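Colleague: Supplied structure: protein-v3.tsv, TSV, C-alpha atoms.
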```tsv
chain	number	residue	atom	x	y	z
A	553	TYR	CA	-10.37	-34.22	-28.65
A	554	LEU	CA	-6.65	-34.28	-27.83
A	555	VAL	CA	-6.79	-38.08	-27.63
A	556	LEU	CA	-8.53	-38.32	-30.99
A	557	LEU	CA	-5.77	-36.24	-32.57
A	558	LYS	CA	-3.44	-39.22	-32.07
A	559	ARG	CA	-5.76	-41.25	-34.35
A	560	ARG	CA	-5.65	-44.42	-32.26
A	561	ASP	CA	-8.07	-47.17	-33.29
A	562	VAL	CA	-9.90	-45.02	-35.85
A	563	GLU	CA	-11.94	-48.06	-36.89
A	564	SER	CA	-13.63	-48.20	-33.47
A	565	LEU	CA	-14.25	-44.47	-33.54
A	566	ILE	CA	-15.96	-44.68	-36.94
A	567	GLU	CA	-18.16	-47.60	-35.82
A	568	VAL	CA	-19.26	-45.69	-32.70
A	569	ILE	CA	-20.05	-42.61	-34.80
A	570	ARG	CA	-22.17	-44.78	-37.12
A	571	GLY	CA	-24.16	-46.10	-34.17
A	572	THR	CA	-24.57	-42.67	-32.62
A	573	ALA	CA	-25.77	-41.20	-35.92
A	574	ALA	CA	-28.42	-43.92	-36.09
A	575	ALA	CA	-29.47	-43.23	-32.49
A	576	LEU	CA	-29.84	-39.53	-33.33
A	577	SER	CA	-31.56	-40.22	-36.67
A	578	ILE	CA	-28.82	-38.34	-38.52
A	579	LYS	CA	-28.43	-39.39	-42.13
A	580	PRO	CA	-24.82	-40.12	-43.14
A	581	VAL	CA	-25.06	-37.73	-46.08
A	582	PHE	CA	-25.78	-34.81	-43.73
A	583	LEU	CA	-23.01	-35.86	-41.36
A	584	ILE	CA	-20.52	-35.93	-44.24
A	585	ALA	CA	-21.71	-32.51	-45.40
A	586	GLU	CA	-21.14	-31.08	-41.91
A	587	ALA	CA	-17.67	-32.61	-41.79
A	588	LYS	CA	-16.75	-31.10	-45.17
A	589	PHE	CA	-18.03	-27.71	-44.05
A	590	ALA	CA	-15.99	-27.89	-40.83
A	591	LEU	CA	-12.87	-28.88	-42.76
A	592	LYS	CA	-13.32	-25.96	-45.15
A	593	GLN	CA	-13.75	-23.56	-42.22
A	594	LEU	CA	-10.63	-24.85	-40.53
A	595	GLU	CA	-8.58	-24.51	-43.71
A	596	SER	CA	-9.72	-20.93	-44.28
A	597	GLU	CA	-9.22	-19.86	-40.66
A	598	GLN	CA	-6.14	-21.89	-39.87
A	599	SER	CA	-3.95	-18.87	-39.16
A	600	GLN	CA	-6.49	-17.03	-36.96
A	601	ASN	CA	-8.49	-19.78	-35.23
A	602	ARG	CA	-6.36	-21.29	-32.47
A	603	LEU	CA	-9.18	-23.36	-30.99
A	604	GLY	CA	-9.64	-25.27	-34.24
A	605	LEU	CA	-12.42	-27.88	-34.34
A	606	ILE	CA	-13.55	-27.15	-30.78
A	607	SER	CA	-14.74	-23.68	-31.85
A	608	LEU	CA	-17.04	-25.21	-34.47
A	609	VAL	CA	-18.74	-27.76	-32.20
A	610	LYS	CA	-22.14	-26.54	-31.01
A	611	LYS	CA	-23.73	-27.66	-27.78
A	612	VAL	CA	-27.15	-29.02	-28.67
A	613	PRO	CA	-29.39	-30.90	-26.16
A	614	VAL	CA	-30.34	-34.31	-27.56
A	615	THR	CA	-31.78	-37.60	-26.29
A	616	PRO	CA	-30.39	-40.47	-28.35
A	617	ALA	CA	-32.68	-43.42	-29.05
A	618	TRP	CA	-29.91	-46.01	-28.65
A	619	SER	CA	-32.17	-48.89	-29.65
A	620	GLU	CA	-32.28	-47.44	-33.18
A	621	SER	CA	-28.66	-48.57	-33.59
A	622	LYS	CA	-29.91	-52.18	-33.77
A	623	LYS	CA	-31.45	-51.40	-37.15
A	624	ILE	CA	-28.08	-50.92	-38.81
A	625	ASP	CA	-25.49	-53.64	-39.37
A	626	MET	CA	-22.85	-52.90	-36.71
A	627	ASP	CA	-19.68	-54.92	-36.26
A	628	GLY	CA	-19.90	-56.47	-32.77
A	629	GLU	CA	-16.17	-57.19	-32.57
A	630	ILE	CA	-15.22	-53.59	-33.35
A	631	LEU	CA	-17.89	-52.31	-30.98
A	632	ALA	CA	-16.57	-54.45	-28.12
A	633	ARG	CA	-13.04	-53.30	-28.88
A	634	ALA	CA	-14.23	-49.68	-28.67
A	635	LEU	CA	-14.77	-50.19	-24.94
A	636	ASP	CA	-10.99	-50.03	-24.60
A	637	HIS	CA	-10.61	-46.92	-26.74
A	638	PRO	CA	-8.30	-44.31	-25.16
A	639	CYS	CA	-11.02	-41.67	-25.53
A	640	ILE	CA	-13.47	-42.16	-22.65
A	641	ALA	CA	-16.31	-40.59	-24.68
A	642	VAL	CA	-15.91	-43.25	-27.37
A	643	ALA	CA	-15.83	-46.03	-24.79
A	644	VAL	CA	-18.91	-44.76	-22.94
A	645	THR	CA	-20.84	-44.37	-26.18
A	646	ALA	CA	-19.88	-47.90	-27.20
A	647	ALA	CA	-21.26	-49.09	-23.87
A	648	GLU	CA	-24.55	-47.33	-24.56
A	649	LEU	CA	-24.80	-48.95	-27.97
A	650	ILE	CA	-23.99	-52.42	-26.62
A	651	SER	CA	-26.48	-52.01	-23.76
A	652	ALA	CA	-29.15	-51.26	-26.35
A	653	GLY	CA	-28.39	-54.48	-28.23
A	654	ALA	CA	-26.25	-53.15	-31.08
A	655	GLY	CA	-23.76	-55.52	-32.67
A	656	GLY	CA	-25.72	-58.72	-32.34
A	657	ASP	CA	-26.03	-61.61	-29.89
A	658	LYS	CA	-22.31	-62.40	-29.77
A	659	VAL	CA	-21.35	-59.04	-28.28
A	660	PRO	CA	-21.76	-60.10	-24.60
A	661	PHE	CA	-19.23	-62.90	-25.18
A	662	LEU	CA	-16.87	-60.52	-26.97
A	663	VAL	CA	-17.10	-58.12	-24.02
A	664	GLU	CA	-16.04	-61.00	-21.75
A	665	GLN	CA	-12.73	-61.07	-23.59
A	666	VAL	CA	-12.35	-57.31	-23.16
A	667	LEU	CA	-13.05	-57.76	-19.44
A	668	LYS	CA	-10.13	-60.21	-19.23
A	669	THR	CA	-7.61	-58.25	-21.30
A	670	GLY	CA	-8.85	-54.65	-21.40
A	671	GLY	CA	-7.16	-51.67	-19.80
A	672	TYR	CA	-8.27	-48.93	-17.42
A	673	THR	CA	-10.96	-47.37	-19.63
A	674	ALA	CA	-12.51	-50.72	-20.58
A	675	LEU	CA	-12.81	-51.93	-16.97
A	676	ARG	CA	-14.19	-48.59	-15.84
A	677	VAL	CA	-16.90	-48.66	-18.51
A	678	ILE	CA	-17.76	-52.37	-18.34
A	679	GLY	CA	-18.47	-52.12	-14.63
A	680	SER	CA	-21.25	-49.64	-15.29
A	681	PHE	CA	-23.31	-51.89	-17.59
A	682	ALA	CA	-22.24	-55.44	-16.69
A	683	HIS	CA	-25.66	-56.20	-15.17
A	684	ILE	CA	-27.37	-55.23	-18.43
A	685	ILE	CA	-25.43	-57.39	-20.87
A	686	TRP	CA	-24.65	-60.39	-18.66
A	687	ARG	CA	-27.61	-60.35	-16.25
A	688	ASP	CA	-27.30	-63.30	-13.81
A	689	ARG	CA	-23.80	-64.13	-15.07
A	690	ALA	CA	-22.46	-60.67	-14.25
A	691	PHE	CA	-21.62	-61.43	-10.61
A	692	ASP	CA	-19.48	-64.49	-11.38
A	693	LEU	CA	-17.74	-62.82	-14.32
A	694	ILE	CA	-16.76	-59.75	-12.30
A	695	LEU	CA	-15.69	-61.87	-9.33
A	696	ASP	CA	-13.53	-64.08	-11.59
A	697	ARG	CA	-11.86	-61.00	-13.08
A	698	LEU	CA	-11.06	-59.60	-9.64
A	699	ASN	CA	-9.62	-62.93	-8.57
A	700	GLY	CA	-7.13	-62.59	-11.41
A	701	GLU	CA	-4.38	-59.98	-11.79
A	702	LEU	CA	-5.48	-56.64	-10.39
A	703	THR	CA	-4.79	-53.81	-12.83
A	704	ARG	CA	-5.91	-50.18	-13.00
A	705	GLY	CA	-9.63	-50.05	-13.59
A	706	CYS	CA	-10.32	-52.91	-11.18
A	707	GLU	CA	-11.15	-50.32	-8.51
A	708	PHE	CA	-14.40	-49.68	-10.40
A	709	LEU	CA	-15.17	-53.40	-10.61
A	710	PHE	CA	-15.12	-53.70	-6.81
A	711	GLU	CA	-17.92	-51.14	-6.66
A	712	THR	CA	-19.78	-53.08	-9.35
A	713	LEU	CA	-19.40	-56.31	-7.38
A	714	THR	CA	-21.07	-54.83	-4.29
A	715	LYS	CA	-24.08	-53.87	-6.41
A	716	LEU	CA	-24.34	-57.36	-7.90
A	717	ILE	CA	-24.53	-59.20	-4.56
A	718	LYS	CA	-28.13	-60.39	-4.28
A	719	LYS	CA	-27.75	-62.70	-1.29
A	720	PRO	CA	-25.58	-62.73	1.84
A	721	ALA	CA	-21.99	-62.60	0.62
A	722	ASP	CA	-19.83	-65.71	1.05
A	723	ASP	CA	-16.12	-66.25	1.68
A	724	ARG	CA	-15.32	-65.86	-2.02
A	725	VAL	CA	-16.46	-62.25	-1.88
A	726	PHE	CA	-14.77	-61.43	1.43
A	727	LYS	CA	-11.45	-62.93	0.32
A	728	CYS	CA	-11.68	-61.06	-2.97
A	729	PHE	CA	-12.05	-57.74	-1.16
A	730	LEU	CA	-9.23	-58.59	1.26
A	731	LYS	CA	-7.03	-59.17	-1.78
A	732	GLY	CA	-8.11	-55.80	-3.15
A	733	ILE	CA	-7.40	-53.75	-0.02
A	734	MET	CA	-3.90	-55.24	0.14
A	735	CYS	CA	-3.12	-54.50	-3.50
A	736	PRO	CA	0.20	-52.60	-3.85
A	737	ASN	CA	-1.49	-50.17	-6.24
A	738	ILE	CA	-2.88	-47.56	-3.87
A	739	LYS	CA	-5.76	-46.52	-6.16
A	740	ILE	CA	-7.00	-50.10	-6.47
A	741	ALA	CA	-6.65	-50.59	-2.71
A	742	VAL	CA	-8.63	-47.39	-2.04
A	743	GLY	CA	-11.36	-48.45	-4.46
A	744	ALA	CA	-11.64	-51.88	-2.85
A	745	ALA	CA	-11.67	-50.41	0.66
A	746	GLU	CA	-14.36	-47.89	-0.20
A	747	SER	CA	-16.55	-50.68	-1.58
A	748	CYS	CA	-15.93	-52.72	1.59
A	749	VAL	CA	-17.96	-50.20	3.57
A	750	GLY	CA	-21.09	-51.41	1.80
A	751	ILE	CA	-20.49	-55.06	2.67
A	752	ASN	CA	-21.41	-56.78	5.91
A	753	PHE	CA	-18.18	-58.55	6.83
A	754	PRO	CA	-18.50	-61.30	9.46
A	755	LYS	CA	-16.81	-60.65	12.79
A	756	THR	CA	-14.33	-63.41	11.90
A	757	TYR	CA	-12.70	-61.04	9.39
A	758	ALA	CA	-12.07	-58.27	11.93
A	759	ASN	CA	-8.42	-59.23	12.41
A	760	ASP	CA	-7.81	-59.26	8.65
A	761	ILE	CA	-9.29	-55.77	8.29
A	762	GLN	CA	-7.29	-54.56	11.29
A	763	ASN	CA	-4.08	-55.98	9.79
A	764	ALA	CA	-4.80	-54.19	6.51
A	765	PHE	CA	-5.42	-50.94	8.42
A	766	ASP	CA	-2.12	-51.31	10.30
A	767	TYR	CA	-0.30	-52.14	7.07
A	768	TRP	CA	-1.48	-49.00	5.31
A	769	LYS	CA	-0.73	-46.88	8.34
A	770	LYS	CA	2.92	-47.81	7.77
A	771	HIS	CA	2.94	-47.88	3.98
A	772	GLU	CA	0.44	-45.26	2.84
A	773	PRO	CA	1.80	-42.29	0.83
A	774	SER	CA	2.23	-38.92	2.51
A	775	TYR	CA	-0.99	-36.93	2.83
A	776	THR	CA	0.06	-34.52	0.06
A	777	ASN	CA	2.69	-34.81	-2.66
A	778	GLU	CA	5.27	-32.24	-3.73
A	779	ASN	CA	2.54	-30.34	-5.62
A	780	SER	CA	0.30	-30.19	-2.51
A	781	VAL	CA	-2.17	-32.62	-4.09
A	782	VAL	CA	-3.92	-34.91	-1.60
A	783	GLN	CA	-2.88	-38.56	-1.94
A	784	HIS	CA	-5.59	-40.97	-0.87
A	785	SER	CA	-5.30	-43.90	1.51
A	786	PRO	CA	-7.59	-46.90	2.22
A	787	ARG	CA	-7.46	-46.25	5.98
A	788	LYS	CA	-10.54	-44.01	6.12
A	789	TYR	CA	-12.74	-46.76	4.69
A	790	LEU	CA	-11.08	-49.57	6.62
A	791	LEU	CA	-11.72	-47.67	9.84
A	792	LEU	CA	-15.43	-47.43	8.97
A	793	VAL	CA	-15.51	-51.19	8.36
A	794	LEU	CA	-13.83	-51.83	11.72
A	795	ALA	CA	-16.39	-49.58	13.39
A	796	LYS	CA	-19.23	-51.54	11.75
A	797	LEU	CA	-17.67	-54.72	13.12
A	798	LYS	CA	-17.60	-53.07	16.56
A	799	ASN	CA	-13.89	-53.69	16.66
A	800	LEU	CA	-13.10	-50.19	17.96
A	801	THR	CA	-14.22	-48.63	21.23
A	802	ILE	CA	-15.27	-45.01	21.63
A	803	HIS	CA	-11.95	-44.30	23.33
A	804	GLU	CA	-9.99	-45.85	20.44
A	805	LEU	CA	-11.99	-43.88	17.87
A	806	PHE	CA	-11.31	-40.60	19.67
A	807	GLU	CA	-7.59	-41.37	19.58
A	808	PHE	CA	-7.74	-40.87	15.81
A	809	TYR	CA	-8.67	-37.23	16.39
A	810	SER	CA	-5.02	-36.28	15.99
A	811	ASP	CA	-4.40	-38.51	12.97
A	812	ILE	CA	-2.27	-36.92	10.28
A	813	ARG	CA	-4.97	-37.60	7.68
A	814	PRO	CA	-8.10	-35.43	8.09
A	815	ASP	CA	-10.27	-38.01	6.31
A	816	VAL	CA	-9.31	-40.67	8.89
A	817	HIS	CA	-10.03	-38.21	11.69
A	818	GLU	CA	-13.46	-37.39	10.22
A	819	ALA	CA	-14.31	-41.06	9.66
A	820	ALA	CA	-13.44	-41.84	13.30
A	821	ILE	CA	-15.67	-39.05	14.58
A	822	GLU	CA	-18.48	-40.16	12.26
A	823	ALA	CA	-18.21	-43.72	13.59
A	824	ALA	CA	-18.07	-42.53	17.21
A	825	ILE	CA	-21.18	-40.36	16.83
A	826	ARG	CA	-23.03	-43.29	15.27
A	827	ILE	CA	-22.22	-45.39	18.34
A	828	LEU	CA	-23.25	-42.62	20.74
A	829	GLU	CA	-26.59	-42.23	18.98
A	830	SER	CA	-27.62	-45.71	20.07
A	831	ASN	CA	-25.75	-46.01	23.38
A	832	LYS	CA	-26.98	-43.74	26.17
A	833	VAL	CA	-24.42	-44.98	28.71
A	834	GLU	CA	-21.53	-44.12	26.39
A	835	LEU	CA	-23.11	-40.78	25.53
A	836	VAL	CA	-23.44	-39.78	29.20
A	837	ASN	CA	-19.84	-40.80	29.79
A	838	VAL	CA	-18.60	-38.74	26.83
A	839	LEU	CA	-20.53	-35.65	27.98
A	840	LYS	CA	-18.86	-35.95	31.38
A	841	ARG	CA	-15.46	-36.25	29.76
A	842	ILE	CA	-16.19	-33.18	27.64
A	843	ASN	CA	-16.92	-31.25	30.83
A	844	LYS	CA	-13.51	-32.35	32.11
A	845	GLU	CA	-11.99	-31.18	28.81
A	846	GLU	CA	-10.72	-34.67	28.02
A	847	ILE	CA	-12.39	-34.71	24.60
A	848	PRO	CA	-12.21	-32.02	21.86
A	849	LEU	CA	-15.14	-29.59	21.80
A	850	SER	CA	-15.85	-30.31	18.15
A	851	ILE	CA	-17.30	-33.61	19.41
A	852	LEU	CA	-19.80	-31.67	21.52
A	853	LYS	CA	-20.99	-29.82	18.42
A	854	LYS	CA	-21.49	-33.15	16.66
A	855	ILE	CA	-23.39	-34.53	19.66
A	856	LEU	CA	-25.73	-31.55	19.71
A	857	GLY	CA	-26.55	-32.36	16.10
A	858	LEU	CA	-27.96	-35.77	17.08
A	859	PRO	CA	-31.73	-36.37	16.78
A	860	SER	CA	-33.82	-34.60	19.45
A	861	SER	CA	-35.09	-37.94	20.72
A	862	VAL	CA	-31.53	-38.96	21.59
A	863	LEU	CA	-30.65	-35.67	23.28
A	864	ARG	CA	-33.82	-35.67	25.40
A	865	ASP	CA	-32.54	-38.82	27.12
A	866	VAL	CA	-29.40	-36.97	28.23
A	867	LYS	CA	-30.95	-33.52	28.72
A	868	ASN	CA	-29.71	-33.14	32.30
A	869	GLU	CA	-26.13	-33.92	31.33
A	870	VAL	CA	-26.26	-31.41	28.45
A	871	VAL	CA	-27.83	-28.66	30.59
A	872	ASN	CA	-25.19	-29.28	33.25
A	873	LEU	CA	-22.58	-28.15	30.71
A	874	LEU	CA	-23.99	-24.61	30.97
A	875	ARG	CA	-22.25	-24.46	34.37
A	876	SER	CA	-18.90	-25.57	32.97
A	877	PRO	CA	-15.89	-23.37	33.85
A	878	ASN	CA	-14.94	-23.55	30.16
A	879	LYS	CA	-16.61	-20.63	28.38
A	880	ASP	CA	-16.41	-22.38	24.99
A	881	ILE	CA	-18.49	-25.27	26.32
A	882	ARG	CA	-21.05	-22.85	27.73
A	883	TRP	CA	-21.19	-20.99	24.41
A	884	ILE	CA	-21.74	-24.17	22.36
A	885	VAL	CA	-24.61	-25.38	24.55
A	886	THR	CA	-26.21	-21.92	24.75
A	887	SER	CA	-26.25	-21.71	20.96
A	888	ALA	CA	-28.15	-25.02	20.81
A	889	LEU	CA	-30.92	-24.19	23.31
A	890	TYR	CA	-33.39	-23.28	20.55
A	891	LYS	CA	-33.54	-26.87	19.26
A	892	ASN	CA	-36.34	-29.35	19.96
A	893	TRP	CA	-34.46	-31.52	22.45
A	894	ILE	CA	-35.59	-29.22	25.28
A	895	LYS	CA	-39.01	-27.72	26.01
A	896	LYS	CA	-39.37	-24.13	24.85
A	897	GLU	CA	-40.26	-22.70	28.27
A	898	GLU	CA	-37.28	-24.38	29.91
A	899	ALA	CA	-35.00	-23.24	27.10
A	900	ILE	CA	-36.15	-19.63	27.53
A	901	ASN	CA	-35.46	-19.76	31.26
A	902	LEU	CA	-31.97	-21.20	30.75
A	903	THR	CA	-31.16	-18.73	27.98
A	904	THR	CA	-32.33	-15.84	30.18
A	905	GLU	CA	-30.02	-17.11	32.91
A	906	MET	CA	-27.11	-17.15	30.43
A	907	LEU	CA	-27.74	-13.44	29.76
A	908	ARG	CA	-26.08	-12.88	33.14
A	909	ASP	CA	-22.96	-14.90	32.23
A	910	GLU	CA	-19.67	-13.23	33.06
A	911	ASP	CA	-18.43	-13.59	29.48
A	912	SER	CA	-19.69	-11.04	26.93
A	913	GLU	CA	-19.53	-13.50	24.01
A	914	ILE	CA	-21.86	-15.89	25.82
A	915	ARG	CA	-24.23	-13.05	26.69
A	916	ASN	CA	-24.34	-12.10	23.01
A	917	CYS	CA	-24.96	-15.73	22.07
A	918	ALA	CA	-27.77	-15.96	24.62
A	919	THR	CA	-29.35	-12.81	23.18
A	920	LYS	CA	-29.39	-14.31	19.68
A	921	THR	CA	-30.75	-17.64	20.94
A	922	LEU	CA	-33.48	-15.92	22.96
A	923	ARG	CA	-34.48	-13.95	19.89
A	924	VAL	CA	-34.97	-17.20	17.99
A	925	LEU	CA	-36.95	-18.75	20.86
A	926	THR	CA	-39.33	-15.82	21.20
A	927	SER	CA	-39.80	-14.99	17.52
```
Will you turn the file into structure tokens for me?
Modeller:
Amino acid sequence: YLVLLKRRDVESLIEVIRGTAAALSIKPVFLIAEAKFALKQLESEQSQNRLGLISLVKKVPVTPAWSESKKIDMDGEILARALDHPCIAVAVTAAELISAGAGGDKVPFLVEQVLKTGGYTALRVIGSFAHIIWRDRAFDLILDRLNGELTRGCEFLFETLTKLIKKPADDRVFKCFLKGIMCPNIKIAVGAAESCVGINFPKTYANDIQNAFDYWKKHEPSYTNENSVVQHSPRKYLLLVLAKLKNLTIHELFEFYSDIRPDVHEAAIEAAIRILESNKVELVNVLKRINKEEIPLSILKKILGLPSSVLRDVKNEVVNLLRSPNKDIRWIVTSALYKNWIKKEEAINLTTEMLRDEDSEIRNCATKTLRVLTS
């Protein structure tokens, strides 16, 4: 509403309203009557009504039949231009109309021009329906745009590109994403990096991803700005890509536990747990290191959340932690004895034994766990 007050590109707004009215089967004469009524109300209540037009708009559930817009003569050029309207609602509605075939057969070619020259709103919207209007050509068109100058809005096109890949990606795609993650604009770089997680990079690109990670570690903005608002960084997503490429060991991933950015820390733990789920040798080693207090206990909680089938293979190592001199370790394992990774009878016996623990908190925990096991 505040954007519309500036009356930018009114012609596009009117064309979108025409199409929407057709999709809702609203006759223009009724729409005009409503507008006149609203104007009269605003004029009579101007001194009292501070909310203005917003107070007159009613929320009514509707399901537009967008295909109905094809029955009226809509200007395809104006409709395509509406994709770049500063009001996101106008742009999104224009996209709906174009997706339904409004504006004629030339519209897809007109949208190509908007893709090349449009701003943030246009690129954001076009990415959401590129596959509908361009079909098999969508992949090449989006890739060509991303190989050009990267401007705001391109972050959404990287996500679109990942969805358009129908066969194993080639070097064109990988190099395009490498360009994106090194973009000086942090929001574009973050968008490209996030989309990288969904792509299977060849091992040959591991060094390039590592270099990008190291670059952003030095050049990323501070975690929060002067208003305490979190400022994002590509490193979280690049770390996940490196983990997929098996370019980081368990030990290296755990080193990120103290990273200044919580999202990087969480991504490292997520990647480490994924490795442990499929690597018994590493899992046994980590459990031993936890007992020596070489690894944070939050990792133990994550491990005990692994599938029961995984934990059964390391049951002895987990049970051994009940004898740890660290009471926090004993408490964490005691609280997990009710799960399916251990037979019920054995769990009851171990929990009963923990009722005699020297620490009162662990005895209380054992009481609660035993109650669950015997209920």
Colleague: Check the smallest atom-to-atom distance from each of A:Trp618, A:Phe661, A:Phe589, A:Trp893 to Gly857 of chain A using all atoms listed in the file, then report the winner.
Modeller: A:Trp893
Colleague: Given all atoms listed in the file as the basis, pick out the residue of A:Ala823, A:Ala674, A:Leu800, A:Ile740 nearest to Pro786 of chain A.
Modeller: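 Nearest candidate to Pro786 of chain A out of A:Ala823, A:Ala674, A:Leu800, A:Ile740: A:Ile740.
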Colleague: So the first atom is atom CA of Arg787 of chain A and the second is atom CA of Val833 of chain A; what is the distance between them in Å, to one decimal place?
Modeller: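 About the pair atom CA of Arg787 of chain A and atom CA of Val833 of chain A: they are 28.4 Å apart.
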Colleague: Can you pull out the residues contacting Glu822 of chain A? Cut-off 12 Å, using all atoms listed in the file, and skip same-chain residues under 3 positions away; I want them as a list in words.
Modeller: Lys788, Tyr789, Leu791, Leu792, Ala795, Lys796, Ile802, Leu805, Phe806, Phe808, Tyr809, Asp815, Val816, His817, Glu818, Ala819, Ile825, Arg826, Ile827, Leu828, Glu829, Ser850, Ile851, Lys854, Ile855, Gly857 and Leu858 of chain A
Colleague: If you keep C-alpha atoms, can you produce a file of those selected residues as an mmCIF file, in the coordinates of the input?
Modeller:
```cif
data_model
loop_
_atom_site.group_PDB
_atom_site.id
_atom_site.type_symbol
_atom_site.label_atom_id
_atom_site.label_comp_id
_atom_site.auth_asym_id
_atom_site.auth_seq_id
_atom_site.Cartn_x
_atom_site.Cartn_y
_atom_site.Cartn_z
ATOM 1 C CA LYS A 788 -10.540 -44.010 6.120
ATOM 2 C CA TYR A 789 -12.740 -46.760 4.690
ATOM 3 C CA LEU A 791 -11.720 -47.670 9.840
ATOM 4 C CA LEU A 792 -15.430 -47.430 8.970
ATOM 5 C CA ALA A 795 -16.390 -49.580 13.390
ATOM 6 C CA LYS A 796 -19.230 -51.540 11.750
ATOM 7 C CA ILE A 802 -15.270 -45.010 21.630
ATOM 8 C CA LEU A 805 -11.990 -43.880 17.870
ATOM 9 C CA PHE A 806 -11.310 -40.600 19.670
ATOM 10 C CA PHE A 808 -7.740 -40.870 15.810
ATOM 11 C CA TYR A 809 -8.670 -37.230 16.390
ATOM 12 C CA ASP A 815 -10.270 -38.010 6.310
ATOM 13 C CA VAL A 816 -9.310 -40.670 8.890
ATOM 14 C CA HIS A 817 -10.030 -38.210 11.690
ATOM 15 C CA GLU A 818 -13.460 -37.390 10.220
ATOM 16 C CA ALA A 819 -14.310 -41.060 9.660
ATOM 17 C CA ILE A 825 -21.180 -40.360 16.830
ATOM 18 C CA ARG A 826 -23.030 -43.290 15.270
ATOM 19 C CA ILE A 827 -22.220 -45.390 18.340
ATOM 20 C CA LEU A 828 -23.250 -42.620 20.740
ATOM 21 C CA GLU A 829 -26.590 -42.230 18.980
ATOM 22 C CA SER A 850 -15.850 -30.310 18.150
ATOM 23 C CA ILE A 851 -17.300 -33.610 19.410
ATOM 24 C CA LYS A 854 -21.490 -33.150 16.660
ATOM 25 C CA ILE A 855 -23.390 -34.530 19.660
ATOM 26 C CA GLY A 857 -26.550 -32.360 16.100
ATOM 27 C CA LEU A 858 -27.960 -35.770 17.080
#
```
Colleague: Atom CA of Asp911 of chain A to atom CA of Ile881 of chain A: how many Å, to one decimal?
Modeller: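 A separation of 12.1 Å between them.
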Colleague: Could you pull the residues within 9 Å of Val663 of chain A, counting only C-alpha atoms, minus those fewer than 5 positions along the same chain, as a list in words?
Modeller: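 Here the answer would be Glu629, Ala632, Arg633, Leu635, Lys658, Lys668, Ile678 and Ile685 of chain A.
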Colleague: What is the distance, in Å and to one decimal place, between atom CA of Ser607 of chain A and atom CA of Leu631 of chain A?
Modeller: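 Computing it gives 28.8 Å between the two atoms.
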Colleague: Using all atoms listed in the file, what residues lie at most 10 Å away from (-38.0, -53.4, -26.7) (file coordinates), given as a list in words?
Modeller: Ser619, Ala652 and Gly653 of chain A
Colleague: With distances taken over all atoms listed in the file, which of A:Ala682, A:Ile821, A:Ala741, A:Leu716 is nearest to Glu772 of chain A?
Modeller: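 Looking only at the distances to Glu772 of chain A, the closest residue turns out to be A:Ala741.
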Colleague: Show me, as a ChimeraX atom specification, the residues that have an atom within 12 Å of Val614 of chain A when counting all atoms listed in the file, minus same-chain residues fewer than 4 positions from it.
Modeller: /A:572-573,575-578,610,618
Colleague: If you keep C-alpha atoms, can you produce a file of those selected residues as a compact mmCIF listing (two decimals), in the frame of the given file?
Modeller:
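part_3.txt was written with the following content:
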```
# COMPACT_ATOMS: atom_id res chain seq x y z
CA THR A 572 -24.57 -42.67 -32.62
CA ALA A 573 -25.77 -41.20 -35.92
CA ALA A 575 -29.47 -43.23 -32.49
CA LEU A 576 -29.84 -39.53 -33.33
CA SER A 577 -31.56 -40.22 -36.67
CA ILE A 578 -28.82 -38.34 -38.52
CA LYS A 610 -22.14 -26.54 -31.01
CA TRP A 618 -29.91 -46.01 -28.65
```
Colleague: Need the shell around Gly571 of chain A: protein/DNA/RNA residues with any atom at most 12 Å away, counting all atoms listed in the file. Skip same-chain ones fewer than 4 positions apart. Format as a compact mmCIF listing (two decimals) with C-alpha atoms, in the coordinates of the input?
Modeller:
```txt
# COMPACT_ATOMS: atom_id res chain seq x y z
CA SER A 564 -13.63 -48.20 -33.47
CA LEU A 565 -14.25 -44.47 -33.54
CA ILE A 566 -15.96 -44.68 -36.94
CA GLU A 567 -18.16 -47.60 -35.82
CA ALA A 575 -29.47 -43.23 -32.49
CA LEU A 576 -29.84 -39.53 -33.33
CA SER A 577 -31.56 -40.22 -36.67
CA ILE A 578 -28.82 -38.34 -38.52
CA LYS A 579 -28.43 -39.39 -42.13
CA PRO A 580 -24.82 -40.12 -43.14
CA PRO A 616 -30.39 -40.47 -28.35
CA ALA A 617 -32.68 -43.42 -29.05
CA TRP A 618 -29.91 -46.01 -28.65
CA SER A 619 -32.17 -48.89 -29.65
CA GLU A 620 -32.28 -47.44 -33.18
CA SER A 621 -28.66 -48.57 -33.59
CA LYS A 622 -29.91 -52.18 -33.77
CA LYS A 623 -31.45 -51.40 -37.15
CA ILE A 624 -28.08 -50.92 -38.81
CA ASP A 625 -25.49 -53.64 -39.37
CA MET A 626 -22.85 -52.90 -36.71
CA ASP A 627 -19.68 -54.92 -36.26
CA GLY A 628 -19.90 -56.47 -32.77
CA ILE A 630 -15.22 -53.59 -33.35
CA LEU A 631 -17.89 -52.31 -30.98
CA ALA A 634 -14.23 -49.68 -28.67
CA VAL A 642 -15.91 -43.25 -27.37
CA THR A 645 -20.84 -44.37 -26.18
CA ALA A 646 -19.88 -47.90 -27.20
CA ALA A 647 -21.26 -49.09 -23.87
CA GLU A 648 -24.55 -47.33 -24.56
CA LEU A 649 -24.80 -48.95 -27.97
CA ILE A 650 -23.99 -52.42 -26.62
CA ALA A 652 -29.15 -51.26 -26.35
CA GLY A 653 -28.39 -54.48 -28.23
CA ALA A 654 -26.25 -53.15 -31.08
CA GLY A 655 -23.76 -55.52 -32.67
```
Colleague: Rank A:Gly700, A:Glu910, A:Lys891, A:Asp636 by their smallest atom-to-atom distance to Leu925 of chain A, using only C-alpha atoms, and report the top residue only.
Modeller: A:Lys891
